$ cat structure-v7.txt   # compact mmCIF, C-alpha atoms
# COMPACT_ATOMS: atom_id res chain seq x y z
CA MET A 193 102.99 125.97 108.52
CA THR A 194 105.53 124.40 110.85
CA VAL A 195 106.05 120.97 112.37
CA ARG A 196 107.85 120.68 115.70
CA ALA A 197 108.22 118.39 118.69
CA THR A 198 105.86 119.26 121.51
CA GLU A 199 104.96 118.42 125.08
CA ASP A 200 101.49 119.91 124.55
CA LEU A 201 99.57 116.64 124.85
CA ALA A 202 96.28 118.51 125.24
CA ALA A 203 96.64 119.93 121.72
CA CYS A 204 97.64 116.54 120.29
CA HIS A 205 94.74 114.83 122.03
CA ALA A 206 92.27 117.46 120.82
CA LEU A 207 93.37 116.84 117.22
CA ARG A 208 93.21 113.07 117.60
CA ARG A 209 89.75 113.33 119.18
CA ALA A 210 88.51 115.49 116.27
CA VAL A 211 89.88 113.16 113.58
CA PHE A 212 89.86 109.64 115.00
CA ILE A 213 86.98 109.70 117.48
CA ASP A 214 84.59 112.33 116.11
CA GLU A 215 85.25 111.99 112.36
CA GLN A 216 86.19 108.32 111.98
CA GLY A 217 84.16 106.90 114.87
CA ILE A 218 87.03 105.12 116.62
CA PRO A 219 86.04 104.25 120.21
CA GLU A 220 87.83 106.27 122.88
CA THR A 221 88.95 103.04 124.54
CA GLU A 222 90.94 102.19 121.39
CA GLU A 223 92.40 105.66 120.82
CA TRP A 224 93.94 106.35 124.22
CA ASP A 225 96.77 104.21 125.60
CA ASP A 226 99.75 104.40 127.92
CA LEU A 227 102.20 104.93 125.04
CA ASP A 228 101.50 108.66 124.93
CA ALA A 229 103.51 109.05 128.14
CA THR A 230 106.73 107.78 126.52
CA ALA A 231 106.24 108.92 122.91
CA LEU A 232 107.74 111.95 121.22
CA HIS A 233 104.82 113.98 119.89
CA LEU A 234 104.91 116.16 116.78
CA LEU A 235 102.57 119.09 116.31
CA ALA A 236 101.82 120.85 113.04
CA LEU A 237 100.89 124.50 113.39
CA ASP A 238 99.33 126.96 110.97
CA GLY A 239 99.89 130.46 112.29
CA GLY A 240 100.15 129.10 115.82
CA THR A 241 96.96 127.01 115.54
CA PRO A 242 97.37 123.21 115.95
CA VAL A 243 96.19 121.45 112.77
CA GLY A 244 97.99 118.08 112.77
CA THR A 245 99.88 115.66 114.96
CA ALA A 246 101.82 112.38 115.03
CA ARG A 247 103.64 110.39 117.67
CA LEU A 248 106.97 108.57 117.52
CA LEU A 249 108.04 105.49 119.45
CA VAL A 250 111.13 103.26 119.39
CA ALA A 251 111.18 99.61 120.46
CA LYS A 252 113.52 96.75 119.57
CA GLY A 253 115.31 98.66 116.82
CA THR A 254 112.14 99.79 115.09
CA GLY A 255 110.84 103.33 115.05
CA ARG A 256 107.07 103.69 114.80
CA ILE A 257 105.16 106.65 113.47
CA GLY A 258 101.57 106.57 114.61
CA ARG A 259 98.43 108.54 115.37
CA ILE A 260 99.11 110.67 112.28
CA CYS A 261 96.24 113.05 111.66
CA VAL A 262 95.50 116.37 109.98
CA LEU A 263 92.32 118.39 110.34
CA PRO A 264 90.06 118.25 107.25
CA SER A 265 90.64 121.97 106.62
CA HIS A 266 94.36 121.33 106.07
CA ARG A 267 94.33 118.07 104.11
CA GLY A 268 95.86 118.23 100.66
CA THR A 269 98.29 120.96 101.70
CA GLY A 270 101.35 118.72 102.16
CA LEU A 271 101.08 118.92 105.92
CA GLY A 272 100.59 115.16 106.38
CA ALA A 273 103.73 114.50 104.34
CA ALA A 274 105.60 117.11 106.39
CA LEU A 275 104.58 115.33 109.62
CA VAL A 276 105.74 111.95 108.29
CA ARG A 277 109.02 113.38 106.93
CA GLU A 278 109.75 115.02 110.29
CA GLY A 279 109.03 111.70 111.99
CA ILE A 280 111.37 109.89 109.59
CA ALA A 281 114.12 112.48 110.17
CA ARG A 282 113.87 112.25 113.95
CA LEU A 283 113.72 108.44 113.99
CA THR A 284 116.60 107.93 111.55
CA ALA A 285 118.74 110.24 113.72
CA ASP A 286 118.30 107.75 116.58
CA PRO A 287 121.15 105.18 116.47
CA ARG A 288 118.84 102.48 117.86
CA VAL A 289 116.55 102.64 114.81
CA ARG A 290 117.18 100.20 111.95
CA GLY A 291 113.79 100.58 110.30
CA ILE A 292 110.53 102.49 110.59
CA ALA A 293 107.04 101.02 110.64
CA LEU A 294 103.50 102.31 110.66
CA SER A 295 99.97 100.99 110.49
CA ALA A 296 98.27 102.59 107.48
CA GLN A 297 94.57 102.85 106.86
CA GLU A 298 94.16 101.16 103.47
CA TYR A 299 92.96 104.27 101.65
CA ALA A 300 96.22 106.02 102.68
CA ILE A 301 98.64 103.36 101.37
CA PRO A 302 99.50 105.34 98.18
CA PHE A 303 100.29 108.40 100.33
CA TYR A 304 102.79 106.42 102.42
CA GLU A 305 104.24 104.68 99.35
CA ARG A 306 105.11 108.11 97.92
CA LEU A 307 107.11 108.70 101.11
CA GLY A 308 109.07 105.44 100.66
CA PHE A 309 107.06 103.01 102.78
CA VAL A 310 106.35 99.49 101.47
CA PRO A 311 103.26 97.43 102.43
CA ARG A 312 103.92 94.15 104.23
CA GLY A 313 101.52 91.31 104.97
CA ASP A 314 97.79 91.15 104.61
CA SER A 315 95.13 93.68 105.46
CA TYR A 316 93.81 93.58 109.03
CA ASP A 317 91.08 95.26 111.01
CA ASP A 318 92.00 97.93 113.54
CA ALA A 319 89.08 99.67 115.28
CA GLY A 320 86.76 98.63 112.45
CA ILE A 321 88.97 100.17 109.75
CA PRO A 322 91.06 98.10 107.27
CA HIS A 323 94.79 98.67 107.84
CA ARG A 324 98.05 97.40 106.44
CA HIS A 325 101.50 97.22 108.04
CA MET A 326 104.08 99.33 106.18
CA VAL A 327 107.86 99.62 106.58
CA LEU A 328 110.67 101.94 105.59
CA GLU A 329 114.17 100.48 105.69
CA CYS A 330 116.88 102.74 107.10
CA ALA A 331 120.38 102.85 105.67
CA ALA A 332 123.02 101.07 107.74
CA PRO A 333 125.19 103.44 109.81
$ encode --input "structure-v7.txt" --output "structure tokens"
Amino acid sequence: MTVRATEDLAACHALRRAVFIDEQGIPETEEWDDLDATALHLLALDGGTPVGTARLLVAKGTGRIGRICVLPSHRGTGLGAALVREGIARLTADPRVRGIALSAQEYAIPFYERLGFVPRGDSYDDAGIPHRHMVLECAAP
């Protein structure tokens, strides 16, 4: 399995549709936004078949990893961690980035904690699913 940057938005969107819209029931109006046009997209491949994705954004010194998803058939394989680690590597290489943030579904908080993220603030609702803000501090240059 490999994780790489991609411009294949159709593959990323198909994965997000399968996981967020079809599986989790998130409304399409909440899944799609204008940020896809400026984000760096990561694609996880298994033998050339897309099986996971994430997107990276930078604003005001903070890198954001979002829309992280892996098909059910590939969960538990380490692929989700590989996507997040690739996102961290790419964002920390950007001199504008002083920290990294993400919005974690509550059930996934332990997963992100194992990757170094720390929960901040209270739980909040996003598309009908409890979430928590999480951060990863980056070392000073």
$ residues_around --input "structure-v7.txt" --residues "stretch 277-283 of chain A" --least-positions-apart "6" --cutoff "8 Å" --atoms "all atoms listed in the file" --output "PyMOL selection string"
chain A and resi 195+234+246-248+250+255+257+289+292+307
$ residues_around --input "structure-v7.txt" --residues "A:Gly308" --least-positions-apart "2" --cutoff "9 Å" --atoms "all atoms listed in the file" --output "compact mmCIF listing (two decimals) with C-alpha atoms, in the frame of the given file"
# COMPACT_ATOMS: atom_id res chain seq x y z
CA TYR A 304 102.79 106.42 102.42
CA GLU A 305 104.24 104.68 99.35
CA ARG A 306 105.11 108.11 97.92
CA VAL A 310 106.35 99.49 101.47
CA VAL A 327 107.86 99.62 106.58
CA LEU A 328 110.67 101.94 105.59
CA GLU A 329 114.17 100.48 105.69
$ residues_around --input "structure-v7.txt" --residues "A:Ile260" --least-positions-apart "6" --cutoff "8 Å" --atoms "all atoms listed in the file" --output "MDAnalysis selection string"
chainID A and resid 244:247 272 275:276
$ closest_residue --input "structure-v7.txt" --among "A:Leu237, A:Ala203, A:Val262, A:Leu227" --to "A:Glu215" --atoms "all atoms listed in the file"
A:Val262
$ residues_around --input "structure-v7.txt" --residues "A:Pro311" --least-positions-apart "6" --cutoff "10 Å" --atoms "all atoms listed in the file" --output "mmCIF file with C-alpha atoms, keeping the file's coordinate frame"
data_model
loop_
_atom_site.group_PDB
_atom_site.id
_atom_site.type_symbol
_atom_site.label_atom_id
_atom_site.label_comp_id
_atom_site.auth_asym_id
_atom_site.auth_seq_id
_atom_site.Cartn_x
_atom_site.Cartn_y
_atom_site.Cartn_z
ATOM 1 C CA ALA A 293 107.040 101.020 110.640
ATOM 2 C CA LEU A 294 103.500 102.310 110.660
ATOM 3 C CA SER A 295 99.970 100.990 110.490
ATOM 4 C CA ALA A 296 98.270 102.590 107.480
ATOM 5 C CA GLU A 298 94.160 101.160 103.470
ATOM 6 C CA ILE A 301 98.640 103.360 101.370
ATOM 7 C CA PRO A 302 99.500 105.340 98.180
ATOM 8 C CA TYR A 304 102.790 106.420 102.420
ATOM 9 C CA GLU A 305 104.240 104.680 99.350
ATOM 10 C CA ARG A 324 98.050 97.400 106.440
ATOM 11 C CA HIS A 325 101.500 97.220 108.040
ATOM 12 C CA MET A 326 104.080 99.330 106.180
ATOM 13 C CA VAL A 327 107.860 99.620 106.580
ATOM 14 C CA LEU A 328 110.670 101.940 105.590
#
$ atom_distance --input "structure-v7.txt" --atom1 "atom CA of A:Arg259" --atom2 "atom CA of A:Arg209"
10.6 Å
$ atom_distance --input "structure-v7.txt" --atom1 "atom CA of A:Ala197" --atom2 "atom CA of A:Glu222"
23.8 Å
$ atom_distance --input "structure-v7.txt" --atom1 "atom CA of A:Pro322" --atom2 "atom CA of A:Arg196"
29.4 Å
$ closest_residue --input "structure-v7.txt" --among "A:Met193, A:Ile218, A:Ala251, A:Ala210" --to "A:Leu235" --atoms "all atoms listed in the file"
A:Met193
$ closest_residue --input "structure-v7.txt" --among "A:Gln216, A:Pro242, A:Asp226, A:Thr194" --to "A:Ala273" --atoms "all atoms listed in the file"
A:Thr194
$ closest_residue --input "structure-v7.txt" --among "A:Gly291, A:Asp317, A:Gly240, A:Leu207" --to "A:Pro264" --atoms "only C-alpha atoms"
A:Leu207
$ closest_residue --input "structure-v7.txt" --among "A:Tyr299, A:Cys330, A:Cys261, A:Gly270" --to "A:Thr284" --atoms "all atoms listed in the file"
A:Cys330
$ residues_near_point --input "structure-v7.txt" --point "(92.4, 105.3, 118.6)" --cutoff "8 Å" --atoms "only C-alpha atoms" --output "compact mmCIF listing (two decimals) with C-alpha atoms, in the coordinates of the input"
# COMPACT_ATOMS: atom_id res chain seq x y z
CA ARG A 208 93.21 113.07 117.60
CA PHE A 212 89.86 109.64 115.00
CA ILE A 213 86.98 109.70 117.48
CA ILE A 218 87.03 105.12 116.62
CA PRO A 219 86.04 104.25 120.21
CA GLU A 220 87.83 106.27 122.88
CA THR A 221 88.95 103.04 124.54
CA GLU A 222 90.94 102.19 121.39
CA GLU A 223 92.40 105.66 120.82
CA TRP A 224 93.94 106.35 124.22
CA ARG A 259 98.43 108.54 115.37
CA ALA A 319 89.08 99.67 115.28
$ closest_residue --input "structure-v7.txt" --among "A:Asp286, A:Ala274, A:Gly239, A:Ala229" --to "A:Thr254" --atoms "only C-alpha atoms"
A:Asp286
